[in-house]
>>> print(open('run.cif').read())   # mmCIF, C-alpha atoms and all ligand atoms; chains and numbers go by the auth columns
data_work
#
loop_
_atom_site.group_PDB
_atom_site.id
_atom_site.type_symbol
_atom_site.label_atom_id
_atom_site.label_comp_id
_atom_site.label_asym_id
_atom_site.label_seq_id
_atom_site.Cartn_x
_atom_site.Cartn_y
_atom_site.Cartn_z
_atom_site.B_iso_or_equiv
_atom_site.auth_seq_id
_atom_site.auth_asym_id
ATOM 1 C CA MET A 1 197.538 66.128 95.918 0.00 797 V
ATOM 2 C CA GLU A 2 194.909 64.971 98.330 0.00 798 V
ATOM 3 C CA ASN A 3 191.346 65.418 97.162 0.00 799 V
ATOM 4 C CA SER A 4 189.419 66.842 100.147 0.00 800 V
ATOM 5 C CA LEU A 5 186.042 66.595 98.359 0.00 801 V
ATOM 6 C CA GLU A 6 186.220 62.885 97.939 0.00 802 V
ATOM 7 C CA CYS A 7 182.682 61.604 98.405 0.00 803 V
ATOM 8 C CA THR A 8 183.320 57.967 98.371 0.00 804 V
ATOM 9 C CA SER A 9 183.806 57.849 102.113 0.00 805 V
ATOM 10 C CA PRO A 10 181.376 55.293 103.536 0.00 806 V
ATOM 11 C CA SER A 11 180.491 57.502 106.505 0.00 807 V
ATOM 12 C CA LEU A 12 179.676 60.474 104.244 0.00 808 V
ATOM 13 C CA SER A 13 177.468 58.361 101.976 0.00 809 V
ATOM 14 C CA ARG A 14 175.653 56.971 104.984 0.00 810 V
ATOM 15 C CA ARG A 15 175.096 60.490 106.325 0.00 811 V
ATOM 16 C CA LYS A 16 173.709 61.619 102.973 0.00 812 V
ATOM 17 C CA LEU A 17 171.397 58.642 102.852 0.00 813 V
ATOM 18 C CA LEU A 18 170.200 59.302 106.397 0.00 814 V
ATOM 19 C CA ASN A 19 169.625 62.990 105.616 0.00 815 V
ATOM 20 C CA PHE A 20 167.656 62.040 102.534 0.00 816 V
ATOM 21 C CA LEU A 21 165.512 59.517 104.410 0.00 817 V
ATOM 22 C CA THR A 22 164.894 61.960 107.257 0.00 818 V
ATOM 23 C CA GLY A 23 163.892 64.691 104.802 0.00 819 V
ATOM 24 C CA ALA A 24 161.567 62.359 102.926 0.00 820 V
ATOM 25 C CA ALA A 25 159.947 61.191 106.165 0.00 821 V
ATOM 26 C CA LEU A 26 159.444 64.792 107.333 0.00 822 V
ATOM 27 C CA ALA A 27 157.983 65.842 103.974 0.00 823 V
ATOM 28 C CA THR A 28 155.572 62.907 103.991 0.00 824 V
ATOM 29 C CA THR A 29 154.479 63.618 107.565 0.00 825 V
ATOM 30 C CA ALA A 30 154.022 67.341 106.888 0.00 826 V
ATOM 31 C CA GLY A 31 152.073 66.613 103.696 0.00 827 V
ATOM 32 C CA ALA A 32 149.765 64.197 105.483 0.00 828 V
ATOM 33 C CA ALA A 33 149.193 66.693 108.312 0.00 829 V
ATOM 34 C CA LEU A 34 148.571 69.689 106.031 0.00 830 V
ATOM 35 C CA TYR A 35 146.314 67.955 103.491 0.00 831 V
ATOM 36 C CA PRO A 36 143.117 68.145 105.605 0.00 832 V
ATOM 37 C CA VAL A 37 143.886 71.786 106.448 0.00 833 V
ATOM 38 C CA ALA A 38 144.419 72.665 102.782 0.00 834 V
ATOM 39 C CA LYS A 39 141.178 70.918 101.820 0.00 835 V
ATOM 40 C CA VAL A 40 139.230 73.280 104.065 0.00 836 V
ATOM 41 C CA PHE A 41 140.423 76.283 102.077 0.00 837 V
ATOM 42 C CA VAL A 42 140.111 74.814 98.598 0.00 838 V
ATOM 43 C CA PRO A 43 136.471 74.458 97.560 0.00 839 V
ATOM 44 C CA PRO A 44 135.613 71.159 95.928 0.00 840 V
ATOM 45 C CA VAL A 45 135.368 71.230 92.163 0.00 841 V
ATOM 46 C CA GLU A 46 131.752 70.733 91.230 0.00 842 V
ATOM 47 C CA LYS A 47 131.032 68.241 88.492 0.00 843 V
ATOM 48 C CA THR A 48 129.136 69.971 85.727 0.00 844 V
ATOM 49 C CA GLY A 49 126.923 68.642 82.967 0.00 845 V
ATOM 50 C CA VAL A 50 126.485 69.711 79.355 0.00 846 V
ATOM 51 C CA GLY A 51 127.157 73.433 78.794 0.00 847 V
ATOM 52 C CA GLY A 52 128.316 73.943 82.384 0.00 848 V
ATOM 53 C CA ALA A 53 125.012 72.722 83.841 0.00 849 V
ATOM 54 C CA VAL A 54 124.852 72.219 87.602 0.00 850 V
ATOM 55 C CA ARG A 55 122.183 70.557 89.719 0.00 851 V
ATOM 56 C CA ALA A 56 119.867 72.835 91.708 0.00 852 V
ATOM 57 C CA LYS A 57 120.806 72.364 95.360 0.00 853 V
ATOM 58 C CA ASP A 58 119.532 73.198 98.806 0.00 854 V
ATOM 59 C CA LYS A 59 121.413 75.353 101.300 0.00 855 V
ATOM 60 C CA LEU A 60 123.373 72.343 102.506 0.00 856 V
ATOM 61 C CA GLY A 61 124.579 71.623 98.996 0.00 857 V
ATOM 62 C CA ASN A 62 122.377 68.589 98.401 0.00 858 V
ATOM 63 C CA PRO A 63 120.677 68.266 95.004 0.00 859 V
ATOM 64 C CA ILE A 64 116.969 69.096 95.196 0.00 860 V
ATOM 65 C CA PRO A 65 114.667 66.574 93.490 0.00 861 V
ATOM 66 C CA ALA A 66 112.342 68.238 90.980 0.00 862 V
ATOM 67 C CA SER A 67 109.395 66.440 92.607 0.00 863 V
ATOM 68 C CA GLN A 68 110.037 68.367 95.824 0.00 864 V
ATOM 69 C CA ILE A 69 109.448 71.684 94.048 0.00 865 V
ATOM 70 C CA LEU A 70 106.804 70.605 91.553 0.00 866 V
ATOM 71 C CA ILE A 71 104.308 69.851 94.352 0.00 867 V
ATOM 72 C CA GLU A 72 104.257 73.551 95.273 0.00 868 V
ATOM 73 C CA PRO A 73 101.359 75.721 94.034 0.00 869 V
ATOM 74 C CA PRO A 74 101.625 77.654 90.741 0.00 870 V
ATOM 75 C CA GLY A 75 103.368 80.982 91.132 0.00 871 V
ATOM 76 C CA THR A 76 105.761 79.695 93.792 0.00 872 V
ATOM 77 C CA ARG A 77 109.273 81.103 93.628 0.00 873 V
ATOM 78 C CA ALA A 78 111.586 78.399 94.926 0.00 874 V
ATOM 79 C CA LEU A 79 114.979 79.634 96.044 0.00 875 V
ATOM 80 C CA VAL A 80 117.769 77.176 95.281 0.00 876 V
ATOM 81 C CA ALA A 81 121.554 77.249 95.048 0.00 877 V
ATOM 82 C CA GLY A 82 122.497 77.476 91.381 0.00 878 V
ATOM 83 C CA ILE A 83 125.665 78.138 89.420 0.00 879 V
ATOM 84 C CA ALA A 84 128.593 78.815 91.778 0.00 880 V
ATOM 85 C CA ALA A 85 126.057 78.362 94.601 0.00 881 V
ATOM 86 C CA GLN A 86 124.363 81.656 93.670 0.00 882 V
ATOM 87 C CA PRO A 87 120.856 81.835 95.107 0.00 883 V
ATOM 88 C CA THR A 88 118.463 81.453 92.201 0.00 884 V
ATOM 89 C CA TYR A 89 114.688 81.694 91.946 0.00 885 V
ATOM 90 C CA LEU A 90 112.827 78.974 90.058 0.00 886 V
ATOM 91 C CA THR A 91 109.235 79.702 89.057 0.00 887 V
ATOM 92 C CA LEU A 92 106.340 77.246 89.175 0.00 888 V
ATOM 93 C CA GLN A 93 104.097 77.910 86.191 0.00 889 V
ATOM 94 C CA ASN A 94 100.336 77.515 85.977 0.00 890 V
ATOM 95 C CA ASP A 95 100.671 74.189 84.145 0.00 891 V
ATOM 96 C CA GLY A 96 102.641 72.775 87.070 0.00 892 V
ATOM 97 C CA THR A 97 106.018 72.830 85.290 0.00 893 V
ATOM 98 C CA LEU A 98 109.105 74.871 86.043 0.00 894 V
ATOM 99 C CA SER A 99 109.818 77.916 83.900 0.00 895 V
ATOM 100 C CA ASP A 100 112.948 77.496 81.783 0.00 896 V
ATOM 101 C CA ARG A 101 114.134 80.863 83.096 0.00 897 V
ATOM 102 C CA GLY A 102 115.686 81.094 86.513 0.00 898 V
ATOM 103 C CA ILE A 103 116.364 84.466 88.098 0.00 899 V
ATOM 104 C CA VAL A 104 119.586 85.017 90.009 0.00 900 V
ATOM 105 C CA ASP A 105 118.994 86.545 93.439 0.00 901 V
ATOM 106 C CA ASP A 106 121.642 89.253 93.068 0.00 902 V
ATOM 107 C CA CYS A 107 120.436 92.852 92.805 0.00 903 V
ATOM 108 C CA THR A 108 122.057 94.611 89.845 0.00 904 V
ATOM 109 C CA HIS A 109 122.485 97.776 91.890 0.00 905 V
ATOM 110 C CA LEU A 110 124.964 96.698 94.560 0.00 906 V
ATOM 111 C CA GLY A 111 124.464 92.971 94.836 0.00 907 V
ATOM 112 C CA CYS A 112 122.015 92.539 97.710 0.00 908 V
ATOM 113 C CA THR A 113 119.795 89.500 97.826 0.00 909 V
ATOM 114 C CA PHE A 114 116.067 90.153 97.805 0.00 910 V
ATOM 115 C CA PRO A 115 112.790 88.388 98.530 0.00 911 V
ATOM 116 C CA TRP A 116 109.860 87.733 96.238 0.00 912 V
ATOM 117 C CA ASN A 117 106.854 89.777 97.331 0.00 913 V
ATOM 118 C CA GLU A 118 103.856 87.599 96.550 0.00 914 V
ATOM 119 C CA GLN A 119 101.310 90.354 97.132 0.00 915 V
ATOM 120 C CA ALA A 120 103.012 92.939 94.926 0.00 916 V
ATOM 121 C CA GLN A 121 104.203 90.266 92.444 0.00 917 V
ATOM 122 C CA GLU A 122 107.640 91.831 92.483 0.00 918 V
ATOM 123 C CA PHE A 123 111.152 91.110 93.617 0.00 919 V
ATOM 124 C CA GLN A 124 111.869 93.906 96.093 0.00 920 V
ATOM 125 C CA CYS A 125 115.399 94.706 97.157 0.00 921 V
ATOM 126 C CA PRO A 126 115.544 95.782 100.814 0.00 922 V
ATOM 127 C CA CYS A 127 118.844 97.641 100.466 0.00 923 V
ATOM 128 C CA HIS A 128 117.923 100.691 98.367 0.00 924 V
ATOM 129 C CA GLY A 129 114.437 99.919 97.160 0.00 925 V
ATOM 130 C CA SER A 130 114.933 98.574 93.651 0.00 926 V
ATOM 131 C CA ARG A 131 111.987 96.596 92.376 0.00 927 V
ATOM 132 C CA TYR A 132 111.809 94.032 89.616 0.00 928 V
ATOM 133 C CA ALA A 133 108.921 92.503 87.666 0.00 929 V
ATOM 134 C CA PRO A 134 108.425 88.712 87.799 0.00 930 V
ATOM 135 C CA ASP A 135 110.652 88.309 84.721 0.00 931 V
ATOM 136 C CA GLY A 136 113.441 90.347 86.363 0.00 932 V
ATOM 137 C CA THR A 137 113.043 93.607 84.423 0.00 933 V
ATOM 138 C CA VAL A 138 113.516 96.780 86.456 0.00 934 V
ATOM 139 C CA VAL A 139 110.302 98.376 87.698 0.00 935 V
ATOM 140 C CA ARG A 140 112.003 100.936 89.911 0.00 936 V
ATOM 141 C CA GLY A 141 115.649 101.942 90.437 0.00 937 V
ATOM 142 C CA PRO A 142 118.266 102.654 91.490 0.00 938 V
ATOM 143 C CA ALA A 143 119.064 99.360 89.732 0.00 939 V
ATOM 144 C CA GLY A 144 119.504 99.986 86.023 0.00 940 V
ATOM 145 C CA LEU A 145 119.897 96.485 84.641 0.00 941 V
ATOM 146 C CA PRO A 146 117.523 93.527 84.585 0.00 942 V
ATOM 147 C CA LEU A 147 118.239 90.575 86.836 0.00 943 V
ATOM 148 C CA LYS A 148 120.553 87.911 85.507 0.00 944 V
ATOM 149 C CA LEU A 149 118.890 84.880 83.936 0.00 945 V
ATOM 150 C CA VAL A 150 119.921 81.243 83.943 0.00 946 V
ATOM 151 C CA ARG A 151 118.413 78.396 81.962 0.00 947 V
ATOM 152 C CA VAL A 152 116.464 75.769 83.887 0.00 948 V
ATOM 153 C CA LYS A 153 115.825 72.252 82.623 0.00 949 V
ATOM 154 C CA VAL A 154 114.123 69.331 84.315 0.00 950 V
ATOM 155 C CA GLU A 155 115.237 65.829 83.389 0.00 951 V
ATOM 156 C CA GLY A 156 113.453 63.119 85.315 0.00 952 V
ATOM 157 C CA ASP A 157 113.763 64.170 88.943 0.00 953 V
ATOM 158 C CA ARG A 158 116.792 66.365 88.319 0.00 954 V
ATOM 159 C CA ILE A 159 116.849 70.120 87.915 0.00 955 V
ATOM 160 C CA TRP A 160 119.718 71.438 85.827 0.00 956 V
ATOM 161 C CA ILE A 161 120.806 75.069 85.773 0.00 957 V
ATOM 162 C CA THR A 162 122.924 76.359 82.891 0.00 958 V
ATOM 163 C CA PRO A 163 124.420 79.795 82.175 0.00 959 V
ATOM 164 C CA TRP A 164 122.185 81.918 79.938 0.00 960 V
ATOM 165 C CA MET A 165 124.424 82.922 77.037 0.00 961 V
ATOM 166 C CA GLU A 166 121.949 83.655 74.265 0.00 962 V
ATOM 167 C CA THR A 167 119.848 86.765 73.596 0.00 963 V
ATOM 168 C CA ASP A 168 118.067 88.188 76.625 0.00 964 V
ATOM 169 C CA PRO A 169 114.374 87.718 75.725 0.00 965 V
ATOM 170 C CA ARG A 170 113.434 90.771 77.805 0.00 966 V
ATOM 171 C CA THR A 171 115.625 93.187 75.889 0.00 967 V
ATOM 172 C CA GLY A 172 116.149 91.361 72.594 0.00 968 V
ATOM 173 C CA GLU A 173 119.846 92.079 73.009 0.00 969 V
ATOM 174 C CA ARG A 174 123.002 90.348 74.128 0.00 970 V
ATOM 175 C CA PRO A 175 122.772 89.847 77.894 0.00 971 V
ATOM 176 C CA TRP A 176 124.766 92.336 79.958 0.00 972 V
ATOM 177 C CA TRP A 177 126.423 89.471 81.910 0.00 973 V
ATOM 178 C CA VAL A 178 127.896 87.744 78.823 0.00 974 V
HETATM 179 S S1 LIG B . 121.487 96.685 96.222 0.00 1001 U
HETATM 180 FE FE1 LIG B . 119.443 96.436 95.624 0.00 1001 U
HETATM 181 S S2 LIG B . 118.726 98.438 95.462 0.00 1001 U
HETATM 182 FE FE2 LIG B . 120.762 98.684 96.050 0.00 1001 U
#
>>> encode(input="run.cif", output="C-alpha cells")
Amino acid sequence: MENSLECTSPSLSRRKLLNFLTGAALATTAGAALYPVAKVFVPPVEKTGVGGAVRAKDKLGNPIPASQILIEPPGTRALVAGIAAQPTYLTLQNDGTLSDRGIVDDCTHLGCTFPWNEQAQEFQCPCHGSRYAPDGTVVRGPAGLPLKLVRVKVEGDRIWITPWMETDPRTGERPWWV
C-alpha cells in the first residue's frame, strides 16, 4: 500500500524548512519592533539597597545629593520622590541634619497630597481639611490615621529611604501600614 504521508520527499522537506525560516524571521522582526513599545509600559525595576532602601530622587527621577538639601535652613520640608516614587517630606533639623523620619505625602483620608504650611507648622490637606502635626499625627479630621513614616538615612552625599516596619514612635504600636 502506498504511504501518502511519506515525509521524505525533498520538496516537502524544503517547504518545511522555508516555512520554519520564514516564521523565525517574522518572530524576530516582530520581537525587535515590539520591544521598545513594551518597554514603555513596563516600569524599570529600581535597584534597591539594604532593607529595600531607595535613593531620594527629584521629580525627574534623578538621585538628589544630600548636600543639595542640607544647605536649606532648619525647619525646611524638602519634598522628594521616595519608595515607589511616593512624594515624601524630609525634615531639616535645627542641627543641620536630616531627621531620620520621612513623612509620606499621602493623606490617610482619601489619598490627596498636601503642602506643608510653614506659618501654621502643619501639613494641611486641601481636599477635605485634614491637618497633621509636624510628626504626622492627626490634628484635625476627617483623617483618622497618622501619616505614614519612612526611615531616612544619609550616607556621604546619598539619601536613602527605607520602609518603616518597626513600632510607630507616635503611637507606640505596630504601624497601621505594616
Ligand atoms: S483626602 Fe485629605 S482630607 Fe480628605
>>> residues_near_ligand(input="run.cif", ligand="ligand LIG 1001 (chain U)", cutoff="6 Å", atoms="only C-alpha atoms and all ligand atoms", output="list in words")
Cys903, His905, Leu906, Gly907, Cys908, Cys921, Cys923, His924, Gly925, Ser926, Pro938 and Ala939 of chain V
>>> resolve_selection(input="run.cif", expression="the PyMOL selection byres (((chain V and resi 866-874) around 6) and not hetatm)", output="compact mmCIF listing (two decimals) with C-alpha atoms, in the coordinates of the input")
# COMPACT_ATOMS: atom_id res chain seq x y z
CA SER V 863 109.40 66.44 92.61
CA GLN V 864 110.04 68.37 95.82
CA ILE V 865 109.45 71.68 94.05
CA LEU V 875 114.98 79.63 96.04
CA TYR V 885 114.69 81.69 91.95
CA LEU V 886 112.83 78.97 90.06
CA THR V 887 109.24 79.70 89.06
CA LEU V 888 106.34 77.25 89.18
CA GLN V 889 104.10 77.91 86.19
CA ASN V 890 100.34 77.52 85.98
>>> resolve_selection(input="run.cif", expression="the PyMOL selection byres (((chain V and resi 946) around 8) and not hetatm)", output="MDAnalysis selection string")
chainID V and resid 897:900 944:945 947:948 957:960
>>> resolve_selection(input="run.cif", expression="the PyMOL selection byres (((chain V and resi 877) around 7) and not hetatm)", output="VMD selection string")
chain V and resid 852 to 855 876 878 881 to 884
>>> atom_distance(input="run.cif", atom1="CA of Pro930 in chain V", atom2="CA of Pro942 in chain V")
10.8 Å
>>> atom_distance(input="run.cif", atom1="CA of Pro861 in chain V", atom2="CA of Glu962 in chain V")
26.7 Å
>>> closest_residue(input="run.cif", among="V:Thr893, V:Asp964, V:Thr904, V:Ala929", to="Ala916 in chain V", atoms="all atoms listed in the file")
V:Ala929
